[in-house]
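Below is protein_19.pdb, which holds PDB, C-alpha atoms.
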MODEL        1
ATOM      1  CA  MET A   1     -41.752 -53.261 -31.673  1.00  0.00           C
ATOM      2  CA  LYS A   2     -37.991 -53.264 -31.877  1.00  0.00           C
ATOM      3  CA  ILE A   3     -35.941 -50.840 -29.778  1.00  0.00           C
ATOM      4  CA  THR A   4     -32.671 -49.802 -31.308  1.00  0.00           C
ATOM      5  CA  ASP A   5     -29.754 -48.687 -29.213  1.00  0.00           C
ATOM      6  CA  ASN A   6     -27.759 -46.694 -31.746  1.00  0.00           C
ATOM      7  CA  ASN A   7     -27.339 -43.580 -29.606  1.00  0.00           C
ATOM      8  CA  SER A   8     -26.250 -45.292 -26.403  1.00  0.00           C
ATOM      9  CA  SER A   9     -22.888 -46.412 -27.817  1.00  0.00           C
ATOM     10  CA  LEU A  10     -22.280 -42.868 -29.036  1.00  0.00           C
ATOM     11  CA  ASN A  11     -23.199 -41.471 -25.629  1.00  0.00           C
ATOM     12  CA  ILE A  12     -20.873 -43.902 -23.879  1.00  0.00           C
ATOM     13  CA  ARG A  13     -18.044 -42.992 -26.271  1.00  0.00           C
ATOM     14  CA  ASN A  14     -18.550 -39.259 -25.510  1.00  0.00           C
ATOM     15  CA  TYR A  15     -18.634 -39.972 -21.790  1.00  0.00           C
ATOM     16  CA  VAL A  16     -15.366 -41.943 -21.917  1.00  0.00           C
ATOM     17  CA  ASP A  17     -13.685 -39.231 -24.012  1.00  0.00           C
ATOM     18  CA  ASN A  18     -14.819 -36.632 -21.536  1.00  0.00           C
ATOM     19  CA  ILE A  19     -13.328 -38.588 -18.640  1.00  0.00           C
ATOM     20  CA  LYS A  20     -10.018 -38.938 -20.521  1.00  0.00           C
ATOM     21  CA  ASP A  21      -9.896 -35.192 -21.182  1.00  0.00           C
ATOM     22  CA  ASN A  22     -10.558 -34.435 -17.522  1.00  0.00           C
ATOM     23  CA  LYS A  23      -7.813 -36.857 -16.481  1.00  0.00           C
ATOM     24  CA  LYS A  24      -5.351 -35.136 -18.825  1.00  0.00           C
ATOM     25  CA  ILE A  25      -6.222 -31.767 -17.328  1.00  0.00           C
ATOM     26  CA  ASP A  26      -5.790 -33.145 -13.803  1.00  0.00           C
ATOM     27  CA  ASP A  27      -2.407 -34.644 -14.722  1.00  0.00           C
ATOM     28  CA  LEU A  28      -1.200 -31.345 -16.174  1.00  0.00           C
ATOM     29  CA  THR A  29      -2.298 -29.495 -13.063  1.00  0.00           C
ATOM     30  CA  LYS A  30      -0.468 -31.946 -10.815  1.00  0.00           C
ATOM     31  CA  GLN A  31       2.712 -31.553 -12.884  1.00  0.00           C
ATOM     32  CA  GLY A  32       2.763 -27.862 -12.125  1.00  0.00           C
ATOM     33  CA  SER A  33       1.808 -26.510 -15.479  1.00  0.00           C
ATOM     34  CA  PRO A  34       2.084 -22.758 -15.702  1.00  0.00           C
ATOM     35  CA  GLN A  35      -1.069 -21.114 -14.548  1.00  0.00           C
ATOM     36  CA  THR A  36      -2.160 -17.652 -15.408  1.00  0.00           C
ATOM     37  CA  VAL A  37      -2.226 -15.468 -12.342  1.00  0.00           C
ATOM     38  CA  LYS A  38      -4.017 -12.180 -12.421  1.00  0.00           C
ATOM     39  CA  GLU A  39      -2.027  -9.352 -10.947  1.00  0.00           C
ATOM     40  CA  ASP A  40      -3.602  -6.740  -8.719  1.00  0.00           C
ATOM     41  CA  LYS A  41      -3.444  -3.180  -9.958  1.00  0.00           C
ATOM     42  CA  VAL A  42      -3.627   0.055  -8.046  1.00  0.00           C
ATOM     43  CA  VAL A  43      -4.535   3.227  -9.859  1.00  0.00           C
ATOM     44  CA  LEU A  44      -3.892   6.435  -7.951  1.00  0.00           C
ATOM     45  CA  SER A  45      -5.851   9.586  -8.578  1.00  0.00           C
ATOM     46  CA  PRO A  46      -3.911  12.743  -9.465  1.00  0.00           C
ATOM     47  CA  LYS A  47      -4.615  14.107  -5.968  1.00  0.00           C
ATOM     48  CA  ALA A  48      -3.259  10.938  -4.361  1.00  0.00           C
ATOM     49  CA  LYS A  49      -0.126  11.212  -6.508  1.00  0.00           C
ATOM     50  CA  GLU A  50       0.360  14.801  -5.291  1.00  0.00           C
ATOM     51  CA  VAL A  51       0.001  13.693  -1.678  1.00  0.00           C
ATOM     52  CA  GLN A  52       2.458  10.852  -2.266  1.00  0.00           C
ATOM     53  CA  GLU A  53       4.992  13.244  -3.806  1.00  0.00           C
ATOM     54  CA  ALA A  54       4.552  15.761  -0.958  1.00  0.00           C
ATOM     55  CA  THR A  55       5.070  13.008   1.605  1.00  0.00           C
ATOM     56  CA  LYS A  56       8.230  11.919  -0.179  1.00  0.00           C
ATOM     57  CA  LEU A  57       9.587  15.487  -0.178  1.00  0.00           C
ATOM     58  CA  ILE A  58       8.796  15.944   3.518  1.00  0.00           C
ATOM     59  CA  LYS A  59      10.606  12.721   4.383  1.00  0.00           C
ATOM     60  CA  GLU A  60      13.677  13.996   2.542  1.00  0.00           C
ATOM     61  CA  LEU A  61      13.813  17.137   4.699  1.00  0.00           C
ATOM     62  CA  PRO A  62      16.243  17.028   7.610  1.00  0.00           C
ATOM     63  CA  ASP A  63      14.730  16.637  11.082  1.00  0.00           C
ATOM     64  CA  ILE A  64      16.948  19.411  12.428  1.00  0.00           C
ATOM     65  CA  ARG A  65      17.337  22.832  10.866  1.00  0.00           C
ATOM     66  CA  GLU A  66      21.106  23.027  10.974  1.00  0.00           C
ATOM     67  CA  ASP A  67      21.273  26.756  10.211  1.00  0.00           C
ATOM     68  CA  LYS A  68      18.947  27.689  13.067  1.00  0.00           C
ATOM     69  CA  VAL A  69      20.730  25.396  15.529  1.00  0.00           C
ATOM     70  CA  ALA A  70      24.119  26.847  14.568  1.00  0.00           C
ATOM     71  CA  LYS A  71      22.843  30.415  15.049  1.00  0.00           C
ATOM     72  CA  LEU A  72      21.370  29.641  18.487  1.00  0.00           C
ATOM     73  CA  LYS A  73      24.483  27.742  19.550  1.00  0.00           C
ATOM     74  CA  GLU A  74      26.636  30.715  18.573  1.00  0.00           C
ATOM     75  CA  GLN A  75      24.406  33.075  20.577  1.00  0.00           C
ATOM     76  CA  VAL A  76      24.589  30.811  23.652  1.00  0.00           C
ATOM     77  CA  ASP A  77      28.387  30.521  23.352  1.00  0.00           C
ATOM     78  CA  GLN A  78      28.766  34.308  23.079  1.00  0.00           C
ATOM     79  CA  GLY A  79      26.296  34.961  25.905  1.00  0.00           C
ATOM     80  CA  THR A  80      24.003  36.999  23.674  1.00  0.00           C
ATOM     81  CA  TYR A  81      21.055  34.570  23.714  1.00  0.00           C
ATOM     82  CA  LYS A  82      18.147  36.248  25.498  1.00  0.00           C
ATOM     83  CA  VAL A  83      15.091  34.399  26.732  1.00  0.00           C
ATOM     84  CA  ASP A  84      11.810  36.340  26.612  1.00  0.00           C
ATOM     85  CA  GLY A  85       9.847  35.014  29.590  1.00  0.00           C
ATOM     86  CA  LYS A  86       6.604  36.725  28.556  1.00  0.00           C
ATOM     87  CA  LYS A  87       6.775  35.171  25.098  1.00  0.00           C
ATOM     88  CA  ILE A  88       7.362  31.689  26.540  1.00  0.00           C
ATOM     89  CA  ALA A  89       4.538  32.102  29.097  1.00  0.00           C
ATOM     90  CA  PHE A  90       2.146  33.284  26.374  1.00  0.00           C
ATOM     91  CA  LYS A  91       2.928  30.287  24.168  1.00  0.00           C
ATOM     92  CA  MET A  92       2.531  27.892  27.118  1.00  0.00           C
ATOM     93  CA  LEU A  93      -0.893  29.342  27.997  1.00  0.00           C
ATOM     94  CA  LYS A  94      -1.963  29.333  24.352  1.00  0.00           C
ATOM     95  CA  GLU A  95      -1.031  25.673  23.959  1.00  0.00           C
ATOM     96  CA  SER A  96      -2.753  24.756  27.227  1.00  0.00           C
ATOM     97  CA  ILE A  97      -5.987  26.470  26.148  1.00  0.00           C
ATOM     98  CA  LEU A  98      -5.885  24.819  22.732  1.00  0.00           C
ATOM     99  CA  ASP A  99      -5.382  21.417  24.365  1.00  0.00           C
ATOM    100  CA  GLU A 100      -8.460  22.010  26.552  1.00  0.00           C
ATOM    101  CA  LEU A 101     -10.596  23.058  23.582  1.00  0.00           C
ATOM    102  CA  LEU A 102      -9.586  20.164  21.398  1.00  0.00           C
TER     103      LEU A 102
ENDMDL
END

Whole structure, structure tokens version:
Amino acid sequence: MKITDNNSSLNIRNYVDNIKDNKKIDDLTKQGSPQTVKEDKVVLSPKAKEVQEATKLIKELPDIREDKVAKLKEQVDQGTYKVDGKKIAFKMLKESILDELL
């Protein structure tokens, strides 16, 4: 019985070609070939967009209400600014009670 080895040379040829292809790929990678990079995406819901817009508008508001400050300053300068002690005491007690409850 004679054993022929026709396929083994073909298999070796494919193996060698495969190694060459892998080497080419490795060389390209080492040279810094452009690679495709997937970018992250963020998709906001309509509600989130509304919240983002509201936050932006709030940040644009001034920290100090100039008109109110000017009015109070004028009253203090003229001596017409009156302090309501009962109103202040009520608000202090209210805030203290709320702090205890929460």

* At what distance in Å, to one decimal, does CA of Val51 (chain A) lie from CA of Asp63 (chain A)? ->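 Atom-to-atom, CA of Asp63 (chain A) and CA of Val51 (chain A) are spaced 19.7 Å apart.
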
* Structure fact -> Taken to one decimal, the CA of Lys47 (chain A)-CA of Pro62 (chain A) distance is 25.1 Å

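CA of Leu57 (chain A) is found 18.0 Å from CA of Leu44 (chain A).
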